[in-house]
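Let me begin by presenting the structure, written as structure tokens, before commenting on it.
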Amino acid sequence: GYYTYTAEEVQRAVTNVGIVHLEEFNIREHLQDIFIDPPEIDGVMRRIGPIADVVGTRWKDLARHIGIDEAAITAAEGRFPDPVSRCTEILTNWRRDKGPDATERALEEALVATGLRTVAENVKGDIWPDVIKTVKDMAGLDWKDLAYELGFNRGTVEVIENKNRDARQNCRDMLHEWREKEGRKASLDSLILALRQAELNDIADKLEMTYMGDGDVPQ
């Protein structure tokens with residue numbers, strides 16, 4: 001993982017190891033513009049992976065809303081083969097380049113502006129990134145059976161399928177679209193019900209064991 005040290009921490013570490021010529025160097029004065037407090041930057045970095053995992057093929061729209069230029073978008077598209085890696089690259093570079101302006105609020109506002117309000121919830125740390133990852137990793141080619149149980153018609157399933165060759169990415173995009181369409185109706189228990197109707201009981205069991213052990217159903 002990533003950790004950004006404060007200037008005071010660096011100054012203290014330098015003093016502790018006895019590097020005399022650096023002890024006399026005022027690190028705060030010279031580095032105050034590039035050091036960012038750890039809690040804020042850690043919060044952003046922790047969420048980049050899960051967000052990239054659910055944004056899917058709309059990563060370009062998100063990139064534009066956080067101010068990424070077309071040249072950088074094209075570069076990411078050429079460098080990485082899949083949307084998740086491209087989105088991760090874009091968000092990581094944005095965090096690095098924008099420094100203290102790359103806040104959780106800024107990222108959430110960009111997601112909402114992109115039309116990804118439910119993904120914006122993940123910036124606050126809800127369960128859905130891990131839920132979607134579990135389902136996409138376990139469903140395999142059976143994601144289409146789940147899609148039909150969630151109310152998708154054959155034509156829509158074919159459109160999603162044609163976007164990617166990877167069944168996991170197709171499943172992720174389908175679940176994201178389901179949540180966008182259903183809004184608050186897209187609860188964990190409705191997903192588990194659809195999984196059981198699609199005879200994907202192993203996935204339903206795993207979600208129940210992970211998130212419903214205390215008897216409460218996360219909404």
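Convention: chains lettered A, B, ... in structure tokens order; per-chain residue numbering from 1; ligands numbered from 1 as shown.
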TODO: Would you list the contacts of Asp142 of chain A as a VMD selection string, taking every protein, DNA or RNA residue within 9 Å and counting only C-alpha atoms, but skipping same-chain residues closer than 5 positions in sequence?
DONE: chain A and resid 147 167 171 198 200
Resulting file, chosen residues, all heavy atoms, as a PDB file, in the first residue's frame:
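This is the output file part-v3.pdb:
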ATOM      1  N   ALA A 147     -28.016 -12.278 -14.681  1.00  0.00           N
ATOM      2  CA  ALA A 147     -28.546 -11.071 -15.324  1.00  0.00           C
ATOM      3  C   ALA A 147     -30.034 -11.215 -15.627  1.00  0.00           C
ATOM      4  O   ALA A 147     -30.830 -10.296 -15.390  1.00  0.00           O
ATOM      5  CB  ALA A 147     -27.770 -10.776 -16.609  1.00  0.00           C
ATOM      6  N   ALA A 167     -15.552 -12.649 -18.972  1.00  0.00           N
ATOM      7  CA  ALA A 167     -16.841 -12.834 -18.308  1.00  0.00           C
ATOM      8  C   ALA A 167     -16.913 -12.063 -16.998  1.00  0.00           C
ATOM      9  O   ALA A 167     -17.974 -11.563 -16.615  1.00  0.00           O
ATOM     10  CB  ALA A 167     -17.090 -14.320 -18.055  1.00  0.00           C
ATOM     11  N   CYS A 171     -19.760  -9.365 -16.023  1.00  0.00           N
ATOM     12  CA  CYS A 171     -20.575  -9.486 -14.805  1.00  0.00           C
ATOM     13  C   CYS A 171     -20.508  -8.204 -13.996  1.00  0.00           C
ATOM     14  O   CYS A 171     -21.539  -7.715 -13.504  1.00  0.00           O
ATOM     15  CB  CYS A 171     -20.074 -10.669 -13.976  1.00  0.00           C
ATOM     16  SG  CYS A 171     -21.089 -11.017 -12.527  1.00  0.00           S
ATOM     17  N   ALA A 198     -30.952 -18.189  -9.822  1.00  0.00           N
ATOM     18  CA  ALA A 198     -30.075 -18.582 -10.927  1.00  0.00           C
ATOM     19  C   ALA A 198     -29.275 -19.835 -10.583  1.00  0.00           C
ATOM     20  O   ALA A 198     -28.412 -20.253 -11.367  1.00  0.00           O
ATOM     21  CB  ALA A 198     -29.118 -17.449 -11.265  1.00  0.00           C
ATOM     22  N   LEU A 200     -27.049 -20.194  -8.309  1.00  0.00           N
ATOM     23  CA  LEU A 200     -25.664 -19.864  -7.948  1.00  0.00           C
ATOM     24  C   LEU A 200     -25.576 -19.798  -6.421  1.00  0.00           C
ATOM     25  O   LEU A 200     -25.222 -18.781  -5.830  1.00  0.00           O
ATOM     26  CB  LEU A 200     -25.256 -18.544  -8.594  1.00  0.00           C
ATOM     27  CG  LEU A 200     -25.269 -18.537 -10.130  1.00  0.00           C
ATOM     28  CD1 LEU A 200     -25.014 -17.136 -10.672  1.00  0.00           C
ATOM     29  CD2 LEU A 200     -24.220 -19.510 -10.673  1.00  0.00           C
TER      30      LEU A 200
END
TODO: Find the residues near Glu180 of chain A: any atom within 8 Å, counting only C-alpha atoms, skip ones fewer than 2 places away on the same chain, and give them as a list in words.
DONE: Leu116, Arg117, Thr118, His176, Glu177, Trp178, Glu182 and Gly183 of chain A
Near Leu150 of chain A, within 8 Å and counting only C-alpha atoms, which residues show up once chain neighbours fewer than 4 positions away are dropped, as a CSV table (one decimal) with N, CA, C and O atoms, in the first residue's frame?
chain,number,residue,atom,x,y,z
A,146,LEU,N,-27.6,-15.0,-14.0
A,146,LEU,CA,-27.9,-14.0,-13.0
A,146,LEU,C,-28.5,-12.7,-13.5
A,146,LEU,O,-29.5,-12.2,-13.0
A,178,TRP,N,-27.2,-2.7,-13.1
A,178,TRP,CA,-28.4,-3.1,-12.3
A,178,TRP,C,-28.6,-2.1,-11.1
A,178,TRP,O,-29.7,-1.6,-10.8
A,191,LEU,N,-30.1,-9.2,-4.4
A,191,LEU,CA,-29.1,-9.8,-5.2
A,191,LEU,C,-28.9,-11.3,-4.8
A,191,LEU,O,-28.8,-12.2,-5.7
A,194,ALA,N,-31.7,-13.3,-6.3
A,194,ALA,CA,-31.5,-13.5,-7.7
A,194,ALA,C,-30.4,-14.6,-7.9
A,194,ALA,O,-30.5,-15.5,-8.8
Task: Every residue of segment 44-122 of chain A that DSSP places in alpha helix (DSSP H), as a ChimeraX atom specification - done: /A:44-55,59-65,70-79,83-98,104-113,117-122
